[in-house]
Each structure stands twice: as C-alpha cells, then as structure tokens.
There are 2 protein chains.
Amino acid sequence: MNISDAAQATGLPAKTIRYYEEIGLIRPDRRANGYRDFAETEVHKLRFLARARALGFGIEDCRSLLALWEDRDRASADVRQIANAHLAAIEEKITDLTAMRDTLSHLVQTCAGDTRPDCPILKNLSAAE
Amino acid sequence: MNISDAAQATGLPAKTIRYYEEIGLIRPDRRANGYRDFAETEVHKLRFLARARALGFGIEDCRSLLALWEDRDRASADVRQIANAHLAAIEEKITDLTAMRDTLSHLVQTCAGDTRPDCPILKNLSAAE
DNA sequence: CTTGACCTTCCAGCGACGGGAAGCCTTATG
DNA sequence: CATAAGGCTTCCCGTCGCTGGAAGGTCAAG
C-alpha cells in the first residue's frame, strides 16, 4: 500500500503521515525502490492517531495512548489519566474562550457599526476599567 | 522609561515588547546609549495591545485595531467588522472544543480506570463507529 | 574598581504540520 | 521504445506568537 492509499484510507494528508514516521509514531516498511509500504497494522495505527488528534490530544499524548493501545497488559487507569488531564485542559480553554466571547459579543452589540468614529470596542481596549 | 518599567506598567514581558517593536506595532524612542525609551503614548499602545491580545485577537488584527484607534476619522463599522469576524472564529472554536469535551467526558466516565486492560477510551479510538 | 543588575542583538526552538523544490520511479500512451 | 504525466523520495523554509539563552555593552551602588 503506497502512501497516497494510506492517506485515502485514513483521511490524513500524506505529509502528515511522513511526519508521523519522522517522529517515530509509525514505522511503515520500505520497498526496494524506497517507497513506503503500509501494512494493515500501520493503517490501523494511523486511524487511531487520526481519531486521537481529532479529540485534540497532543502528539506526545498520542504516543502514550498508542503505546498503551499496543500493550495488552495496560491498566485502563493509565489511559483514563491521560484522557482526564486532556479533558481538564479542554475545559480550561472553553472557559477562557467563553469569557472572551461574552466580552466581545457584548462589545459588538453595543457598537453602532456605522460611519461615526465613536466606538465602545476601541474604548474598552483603550482602558478596560 | 526603560523597557522593564514599560513591562511592569503593561504586564507584558520585555521580550514581547521587543517583539512588538520588531514587527512594527510600536516605535519607542532610543537613547544615546541604545536603550529604548518608552513615552507615555507607547505605553498606552502597549496596554491597548495587551488587552486586544487578551481578547484573543491575532497580531494582524491588533495592527489593524491599533491603526483604527489612532485614526480619529475611522468608521466604527470597520472596528466592528474585525471584532465580529473574530467573535465568529471564537464561537467556532468553542463549538469544536465542546464537541471534544462531550465525547471525552463520556468516555472518561465509562472507563473503569483500574488495573484491568479493558478500556472504552482505547476502544473508541481504535474504531469509532 | 568591582559587582551585579540592567540593557542590547542574534539565534534557536516550540506544535503540528504545509508548501514547494529537486530529483528518482512507475505507468500509460504513441 | 520513447516520452509525458503523475507518484514517490528527501530537504528546507514558513507558519504564530512568543520564549529561552548566549554574548556582550551600560549603569548605579559600595
């Protein structure tokens, strides 16, 4: 299986797949001509990675999760701990973004948005009380 | 006013202030010895930038907002348009993060988190249905 | 005069890729 | 069999907004 087929099968760009190999997340075989040759197990790993990334896990978390996935003697507590920490980080981001959204949406609503220069948005940026 | 005083006055790290000068957001004076000398107007700009960044505006947005701020003939519509676009981007991020959080929090709750290897989190990553 | 705290510039790195160049390999067509 | 198109390879630079650190000049206190 060539890289473009693996890309098609996983939804990941070929560039990303090469990058994952470079940083040691996957280890596809090589043919005599130097082309990567993706076995089904590597494709499966790529799909795993794609889903973990879609849930926002960072690369190092993905590396850990992948290792746990391949370890049949893992403790689910280890997986849960990673997921839990990530969940907390996401919730913090949501909190921050929500605060920004509330402030901004209030400012946008109070701004006339016409040709006059008077603007509560700039006023707020200029001197938040 | 030296850079560390400006940093103190604005809450921005000195490194960040130097960076803002490098990319042309501010233009502090220089003394004979090469030290930057921050007038009150530059400090004011820095405070403006700090607040805009805290609301999540990107550097280029900050540049535009700063230009509008200094333009007494601006139209508030221009300010509002930038803020509105940014608001939409934030809301999209919140939507994405919320979806991640919902999925993750469900998975974390259904994972026993003990010494057994069985784990719905890995199961989900392995094959989301 | 020395010490230590400033200040300066420059260079490298973060995360997770993406763009594009230069060059080899394969496949389809004339 | 030659050629063209497309796929594959590696390599290097750019993204965004800083942050850390090195090497060296400057200043104020004792």
# chains A, B, ... in the order shown; residues from 1 in each chain; ligands from 1

call {"tool": "residues_around", "arguments": {"residues": "Arg27 (chain A)", "least_positions_apart": "3", "cutoff": "12 Å", "atoms": "only C-alpha atoms (C1' of nucleotides)", "output": "PDB file with N, CA and C atoms, in the first residue's frame"}}
result
ATOM      1  N   ILE A  17       1.430  11.920   7.392  1.00  0.00           N
ATOM      2  CA  ILE A  17       1.874  10.539   7.592  1.00  0.00           C
ATOM      3  C   ILE A  17       3.398  10.464   7.607  1.00  0.00           C
ATOM      4  N   ARG A  18       4.034  11.178   6.695  1.00  0.00           N
ATOM      5  CA  ARG A  18       5.511  11.204   6.690  1.00  0.00           C
ATOM      6  C   ARG A  18       6.031  11.809   7.995  1.00  0.00           C
ATOM      7  N   TYR A  19       5.350  12.835   8.423  1.00  0.00           N
ATOM      8  CA  TYR A  19       5.750  13.474   9.685  1.00  0.00           C
ATOM      9  C   TYR A  19       5.609  12.498  10.847  1.00  0.00           C
ATOM     10  N   TYR A  20       4.550  11.755  10.891  1.00  0.00           N
ATOM     11  CA  TYR A  20       4.347  10.791  11.973  1.00  0.00           C
ATOM     12  C   TYR A  20       5.447   9.727  11.952  1.00  0.00           C
ATOM     13  N   GLU A  21       5.890   9.370  10.779  1.00  0.00           N
ATOM     14  CA  GLU A  21       7.002   8.422  10.730  1.00  0.00           C
ATOM     15  C   GLU A  21       8.280   9.085  11.244  1.00  0.00           C
ATOM     16  N   GLU A  22       8.489  10.320  10.820  1.00  0.00           N
ATOM     17  CA  GLU A  22       9.709  11.042  11.203  1.00  0.00           C
ATOM     18  C   GLU A  22       9.844  11.135  12.718  1.00  0.00           C
ATOM     19  N   ILE A  23       8.733  11.366  13.403  1.00  0.00           N
ATOM     20  CA  ILE A  23       8.797  11.498  14.856  1.00  0.00           C
ATOM     21  C   ILE A  23       8.556  10.157  15.558  1.00  0.00           C
ATOM     22  N   GLY A  24       8.528   9.099  14.770  1.00  0.00           N
ATOM     23  CA  GLY A  24       8.530   7.766  15.369  1.00  0.00           C
ATOM     24  C   GLY A  24       7.197   7.250  15.859  1.00  0.00           C
ATOM     25  N   ARG A  30       9.582  -0.530   3.929  1.00  0.00           N
ATOM     26  CA  ARG A  30      10.047   0.127   2.712  1.00  0.00           C
ATOM     27  C   ARG A  30      10.215  -0.922   1.625  1.00  0.00           C
ATOM     28  N   ARG A  36       7.475   3.859   0.740  1.00  0.00           N
ATOM     29  CA  ARG A  36       6.884   3.293   1.951  1.00  0.00           C
ATOM     30  C   ARG A  36       5.816   2.273   1.563  1.00  0.00           C
ATOM     31  N   ASP A  37       5.712   1.234   2.368  1.00  0.00           N
ATOM     32  CA  ASP A  37       4.708   0.202   2.107  1.00  0.00           C
ATOM     33  C   ASP A  37       3.900  -0.005   3.390  1.00  0.00           C
ATOM     34  N   PHE A  38       2.646   0.420   3.372  1.00  0.00           N
ATOM     35  CA  PHE A  38       1.817   0.393   4.587  1.00  0.00           C
ATOM     36  C   PHE A  38       1.040  -0.899   4.712  1.00  0.00           C
ATOM     37  N   ALA A  39       1.384  -1.663   5.734  1.00  0.00           N
ATOM     38  CA  ALA A  39       0.612  -2.863   6.055  1.00  0.00           C
ATOM     39  C   ALA A  39      -0.661  -2.432   6.774  1.00  0.00           C
ATOM     40  N   THR A  41      -1.700  -3.083   9.701  1.00  0.00           N
ATOM     41  CA  THR A  41      -1.499  -2.657  11.096  1.00  0.00           C
ATOM     42  C   THR A  41      -1.085  -1.185  11.166  1.00  0.00           C
ATOM     43  N   GLU A  42      -0.254  -0.766  10.225  1.00  0.00           N
ATOM     44  CA  GLU A  42       0.170   0.641  10.223  1.00  0.00           C
ATOM     45  C   GLU A  42      -1.009   1.545   9.879  1.00  0.00           C
ATOM     46  N   VAL A  43      -1.816   1.118   8.970  1.00  0.00           N
ATOM     47  CA  VAL A  43      -3.001   1.898   8.616  1.00  0.00           C
ATOM     48  C   VAL A  43      -3.921   2.013   9.827  1.00  0.00           C
ATOM     49  N   LYS A  45      -3.011   1.937  12.937  1.00  0.00           N
ATOM     50  CA  LYS A  45      -2.384   2.912  13.843  1.00  0.00           C
ATOM     51  C   LYS A  45      -2.677   4.330  13.378  1.00  0.00           C
ATOM     52  N   LEU A  46      -2.584   4.545  12.080  1.00  0.00           N
ATOM     53  CA  LEU A  46      -2.858   5.882  11.548  1.00  0.00           C
ATOM     54  C   LEU A  46      -4.296   6.313  11.836  1.00  0.00           C
TER      55      LEU A  46
END

call {"tool": "closest_atom_pairs", "arguments": {"of": "chain B", "to": "chain D", "cutoff": "12 Å", "atoms": "only C-alpha atoms (C1' of nucleotides)", "output": "Markdown table"}}
result
| residue | atom | partner | partner_atom | distance |
| --- | --- | --- | --- | --- |
| B:Leu12 | CA | D:DC18 | C1' | 11.3 |
| B:Pro13 | CA | D:DT19 | C1' | 9.8 |
| B:Ala14 | CA | D:DT19 | C1' | 10.8 |
| B:Lys15 | CA | D:DT19 | C1' | 7.7 |
| B:Thr16 | CA | D:DC18 | C1' | 6.7 |
| B:Ile17 | CA | D:DC18 | C1' | 10.2 |
| B:Arg18 | CA | D:DC18 | C1' | 10.5 |
| B:Tyr19 | CA | D:DC18 | C1' | 7.8 |
| B:Tyr20 | CA | D:DC18 | C1' | 10.0 |
| B:Ile23 | CA | D:DG17 | C1' | 11.1 |
| B:Arg31 | CA | D:DT26 | C1' | 11.9 |
| B:Ala32 | CA | D:DT26 | C1' | 11.1 |
| B:Asn33 | CA | D:DT26 | C1' | 7.5 |
| B:Gly34 | CA | D:DT26 | C1' | 9.4 |
| B:Tyr35 | CA | D:DT26 | C1' | 9.2 |
| B:Arg53 | CA | D:DG17 | C1' | 10.3 |
| B:Gly56 | CA | D:DG17 | C1' | 11.7 |
| B:Phe57 | CA | D:DG17 | C1' | 11.6 |
| B:Gly58 | CA | D:DC16 | C1' | 8.8 |
| B:Ile59 | CA | D:DG17 | C1' | 8.1 |
| B:Glu60 | CA | D:DC16 | C1' | 10.8 |

call {"tool": "write_last_selection", "arguments": {"atoms": "C-alpha atoms", "output": "PDB file, in the first residue's frame"}}
result
ATOM      1  CA  LEU B  12       3.803  42.390  29.143  1.00  0.00           C
ATOM      2  CA  PRO B  13       7.183  40.630  29.255  1.00  0.00           C
ATOM      3  CA  ALA B  14      10.095  42.685  27.969  1.00  0.00           C
ATOM      4  CA  LYS B  15      10.668  40.032  25.318  1.00  0.00           C
ATOM      5  CA  THR B  16       7.180  40.554  23.993  1.00  0.00           C
ATOM      6  CA  ILE B  17       7.637  44.309  23.882  1.00  0.00           C
ATOM      7  CA  ARG B  18      10.821  43.918  21.850  1.00  0.00           C
ATOM      8  CA  TYR B  19       8.968  41.569  19.553  1.00  0.00           C
ATOM      9  CA  TYR B  20       6.164  44.093  19.074  1.00  0.00           C
ATOM     10  CA  ILE B  23       7.161  43.608  13.836  1.00  0.00           C
ATOM     11  CA  ARG B  31      18.545  56.988  23.969  1.00  0.00           C
ATOM     12  CA  ALA B  32      22.142  57.762  23.137  1.00  0.00           C
ATOM     13  CA  ASN B  33      23.245  54.500  24.725  1.00  0.00           C
ATOM     14  CA  GLY B  34      20.889  52.458  22.571  1.00  0.00           C
ATOM     15  CA  TYR B  35      18.349  51.780  25.296  1.00  0.00           C
ATOM     16  CA  ARG B  53      -4.399  40.040  22.778  1.00  0.00           C
ATOM     17  CA  GLY B  56      -7.742  36.657  21.550  1.00  0.00           C
ATOM     18  CA  PHE B  57      -7.175  38.996  18.616  1.00  0.00           C
ATOM     19  CA  GLY B  58      -4.318  37.938  16.385  1.00  0.00           C
ATOM     20  CA  ILE B  59      -1.346  40.175  15.786  1.00  0.00           C
ATOM     21  CA  GLU B  60      -2.563  41.380  12.411  1.00  0.00           C
TER      22      GLU B  60
END

call {"tool": "interface_residues", "arguments": {"of": "chain C", "to": "chain A", "cutoff": "8 Å", "atoms": "only C-alpha atoms (C1' of nucleotides)", "output": "number ranges by chain"}}
result
C: 17-18, 25

call {"tool": "interface_residues", "arguments": {"of": "chain B", "to": "chain A", "cutoff": "7 Å", "atoms": "only C-alpha atoms", "output": "PDB file with N, CA and C atoms, in the first residue's frame"}}
result
ATOM      1  N   PHE B  48      -3.033  48.839  25.165  1.00  0.00           N
ATOM      2  CA  PHE B  48      -4.066  48.527  24.177  1.00  0.00           C
ATOM      3  C   PHE B  48      -3.817  47.136  23.583  1.00  0.00           C
ATOM      4  N   ARG B  51      -4.562  44.260  25.951  1.00  0.00           N
ATOM      5  CA  ARG B  51      -5.992  43.966  26.102  1.00  0.00           C
ATOM      6  C   ARG B  51      -6.549  43.279  24.874  1.00  0.00           C
ATOM      7  N   ALA B  52      -6.116  43.758  23.704  1.00  0.00           N
ATOM      8  CA  ALA B  52      -6.603  43.127  22.470  1.00  0.00           C
ATOM      9  C   ALA B  52      -6.145  41.666  22.411  1.00  0.00           C
ATOM     10  N   LEU B  55      -8.138  39.436  24.517  1.00  0.00           N
ATOM     11  CA  LEU B  55      -9.430  39.067  23.932  1.00  0.00           C
ATOM     12  C   LEU B  55      -9.238  38.097  22.768  1.00  0.00           C
ATOM     13  N   TRP B  69      -7.585  52.823  15.972  1.00  0.00           N
ATOM     14  CA  TRP B  69      -7.611  53.551  17.233  1.00  0.00           C
ATOM     15  C   TRP B  69      -6.946  54.920  17.079  1.00  0.00           C
ATOM     16  N   ARG B  72      -8.637  59.227  13.973  1.00  0.00           N
ATOM     17  CA  ARG B  72      -9.811  59.882  14.548  1.00  0.00           C
ATOM     18  C   ARG B  72     -10.977  59.923  13.568  1.00  0.00           C
ATOM     19  N   ASP B  73     -10.700  59.671  12.296  1.00  0.00           N
ATOM     20  CA  ASP B  73     -11.771  59.696  11.291  1.00  0.00           C
ATOM     21  C   ASP B  73     -12.269  58.298  10.948  1.00  0.00           C
ATOM     22  N   ARG B  74     -11.918  57.322  11.773  1.00  0.00           N
ATOM     23  CA  ARG B  74     -12.331  55.945  11.498  1.00  0.00           C
ATOM     24  C   ARG B  74     -13.850  55.827  11.495  1.00  0.00           C
ATOM     25  N   ALA B  75     -14.318  54.739  10.885  1.00  0.00           N
ATOM     26  CA  ALA B  75     -15.737  54.383  10.986  1.00  0.00           C
ATOM     27  C   ALA B  75     -15.832  53.224  11.968  1.00  0.00           C
ATOM     28  N   SER B  76     -16.733  53.317  12.909  1.00  0.00           N
ATOM     29  CA  SER B  76     -16.834  52.248  13.892  1.00  0.00           C
ATOM     30  C   SER B  76     -17.207  50.925  13.216  1.00  0.00           C
ATOM     31  N   ALA B  77     -17.788  51.006  12.025  1.00  0.00           N
ATOM     32  CA  ALA B  77     -18.121  49.783  11.285  1.00  0.00           C
ATOM     33  C   ALA B  77     -16.877  48.942  11.008  1.00  0.00           C
ATOM     34  N   ARG B  80     -15.969  47.195  14.184  1.00  0.00           N
ATOM     35  CA  ARG B  80     -16.960  46.172  14.466  1.00  0.00           C
ATOM     36  C   ARG B  80     -16.780  44.955  13.565  1.00  0.00           C
ATOM     37  N   ALA B  83     -13.991  42.832  14.920  1.00  0.00           N
ATOM     38  CA  ALA B  83     -14.408  42.175  16.153  1.00  0.00           C
ATOM     39  C   ALA B  83     -15.413  41.059  15.867  1.00  0.00           C
ATOM     40  N   ASN B  84     -16.296  41.327  14.927  1.00  0.00           N
ATOM     41  CA  ASN B  84     -17.313  40.347  14.595  1.00  0.00           C
ATOM     42  C   ASN B  84     -16.715  39.088  13.987  1.00  0.00           C
ATOM     43  N   LEU B  87     -15.087  37.212  16.684  1.00  0.00           N
ATOM     44  CA  LEU B  87     -16.117  36.576  17.505  1.00  0.00           C
ATOM     45  C   LEU B  87     -16.604  35.277  16.866  1.00  0.00           C
ATOM     46  N   ILE B  90     -14.041  32.607  17.358  1.00  0.00           N
ATOM     47  CA  ILE B  90     -14.059  32.106  18.730  1.00  0.00           C
ATOM     48  C   ILE B  90     -15.221  31.149  18.932  1.00  0.00           C
ATOM     49  N   ILE B  94     -15.151  27.295  20.176  1.00  0.00           N
ATOM     50  CA  ILE B  94     -15.920  26.812  21.325  1.00  0.00           C
ATOM     51  C   ILE B  94     -16.759  25.600  20.920  1.00  0.00           C
ATOM     52  N   LEU B  97     -14.421  22.600  20.561  1.00  0.00           N
ATOM     53  CA  LEU B  97     -13.941  22.135  21.858  1.00  0.00           C
ATOM     54  C   LEU B  97     -15.057  21.490  22.671  1.00  0.00           C
ATOM     55  N   MET B 100     -15.520  18.003  21.509  1.00  0.00           N
ATOM     56  CA  MET B 100     -14.443  17.164  22.066  1.00  0.00           C
ATOM     57  C   MET B 100     -14.725  16.862  23.532  1.00  0.00           C
ATOM     58  N   ARG B 101     -15.076  17.892  24.258  1.00  0.00           N
ATOM     59  CA  ARG B 101     -15.312  17.702  25.688  1.00  0.00           C
ATOM     60  C   ARG B 101     -16.426  16.701  25.930  1.00  0.00           C
ATOM     61  N   LEU B 104     -15.154  13.199  25.097  1.00  0.00           N
ATOM     62  CA  LEU B 104     -14.141  12.770  26.061  1.00  0.00           C
ATOM     63  C   LEU B 104     -14.732  12.527  27.438  1.00  0.00           C
ATOM     64  N   SER B 105     -15.596  13.397  27.847  1.00  0.00           N
ATOM     65  CA  SER B 105     -16.118  13.275  29.201  1.00  0.00           C
ATOM     66  C   SER B 105     -16.982  12.013  29.313  1.00  0.00           C
ATOM     67  N   VAL B 108     -14.428   9.128  29.471  1.00  0.00           N
ATOM     68  CA  VAL B 108     -13.765   9.062  30.776  1.00  0.00           C
ATOM     69  C   VAL B 108     -14.709   8.491  31.820  1.00  0.00           C
ATOM     70  N   CYS B 111     -15.008   4.715  31.557  1.00  0.00           N
ATOM     71  CA  CYS B 111     -13.776   3.936  31.748  1.00  0.00           C
ATOM     72  C   CYS B 111     -13.596   3.659  33.240  1.00  0.00           C
ATOM     73  N   ALA B 112     -13.388   2.397  33.540  1.00  0.00           N
ATOM     74  CA  ALA B 112     -13.266   1.986  34.941  1.00  0.00           C
ATOM     75  C   ALA B 112     -12.078   2.673  35.618  1.00  0.00           C
ATOM     76  N   GLY B 113     -10.968   2.771  34.888  1.00  0.00           N
ATOM     77  CA  GLY B 113      -9.799   3.426  35.472  1.00  0.00           C
ATOM     78  C   GLY B 113      -9.172   2.599  36.573  1.00  0.00           C
ATOM     79  N   ASP B 114      -9.086   1.306  36.346  1.00  0.00           N
ATOM     80  CA  ASP B 114      -8.465   0.434  37.355  1.00  0.00           C
ATOM     81  C   ASP B 114      -7.287  -0.297  36.714  1.00  0.00           C
ATOM     82  N   THR B 115      -6.941  -1.455  37.268  1.00  0.00           N
ATOM     83  CA  THR B 115      -5.756  -2.162  36.755  1.00  0.00           C
ATOM     84  C   THR B 115      -6.072  -3.049  35.559  1.00  0.00           C
ATOM     85  N   ARG B 116      -7.335  -3.193  35.232  1.00  0.00           N
ATOM     86  CA  ARG B 116      -7.684  -4.060  34.094  1.00  0.00           C
ATOM     87  C   ARG B 116      -7.418  -3.343  32.774  1.00  0.00           C
ATOM     88  N   PRO B 117      -7.124  -4.103  31.742  1.00  0.00           N
ATOM     89  CA  PRO B 117      -6.759  -3.508  30.453  1.00  0.00           C
ATOM     90  C   PRO B 117      -7.963  -3.038  29.649  1.00  0.00           C
ATOM     91  N   ASP B 118      -9.111  -3.539  29.946  1.00  0.00           N
ATOM     92  CA  ASP B 118     -10.289  -3.191  29.157  1.00  0.00           C
ATOM     93  C   ASP B 118     -10.605  -1.698  29.294  1.00  0.00           C
ATOM     94  N   CYS B 119     -10.713  -1.028  28.146  1.00  0.00           N
ATOM     95  CA  CYS B 119     -10.840   0.431  28.215  1.00  0.00           C
ATOM     96  C   CYS B 119     -11.654   0.981  27.049  1.00  0.00           C
ATOM     97  N   LEU B 122      -9.769   3.568  24.628  1.00  0.00           N
ATOM     98  CA  LEU B 122      -8.970   2.964  23.558  1.00  0.00           C
ATOM     99  C   LEU B 122      -9.877   2.296  22.531  1.00  0.00           C
ATOM    100  N   LEU B 125     -11.071   4.989  20.244  1.00  0.00           N
ATOM    101  CA  LEU B 125     -10.017   5.467  19.341  1.00  0.00           C
ATOM    102  C   LEU B 125      -9.692   4.419  18.294  1.00  0.00           C
ATOM    103  N   SER B 126      -9.814   3.183  18.689  1.00  0.00           N
ATOM    104  CA  SER B 126      -9.458   2.098  17.787  1.00  0.00           C
ATOM    105  C   SER B 126     -10.468   1.956  16.663  1.00  0.00           C
TER     106      SER B 126
END

call {"tool": "select_by_dssp", "arguments": {"residues": "region 16-68 of chain B", "states": "alpha helix (DSSP H)", "output": "PyMOL selection string"}}
result
chain B and resi 16-22+40-54+59-68

call {"tool": "select_by_dssp", "arguments": {"residues": "region 21-127 of chain A", "states": "strand (DSSP E)", "output": "ChimeraX atom specification"}}
result
/A:29-30,36-37

call {"tool": "write_last_selection", "arguments": {"atoms": "N, CA and C atoms", "output": "short mmCIF file (atom, residue, chain, number, x, y, z; two decimals), in the first residue's frame"}}
result
data_model
loop_
_atom_site.label_atom_id
_atom_site.label_comp_id
_atom_site.auth_asym_id
_atom_site.auth_seq_id
_atom_site.Cartn_x
_atom_site.Cartn_y
_atom_site.Cartn_z
N ASP A 29 6.96 -0.27 6.44
CA ASP A 29 8.02 -0.95 5.70
C ASP A 29 8.46 -0.11 4.51
N ARG A 30 9.58 -0.53 3.93
CA ARG A 30 10.05 0.13 2.71
C ARG A 30 10.22 -0.92 1.62
N ARG A 36 7.48 3.86 0.74
CA ARG A 36 6.88 3.29 1.95
C ARG A 36 5.82 2.27 1.56
N ASP A 37 5.71 1.23 2.37
CA ASP A 37 4.71 0.20 2.11
C ASP A 37 3.90 -0.01 3.39
#
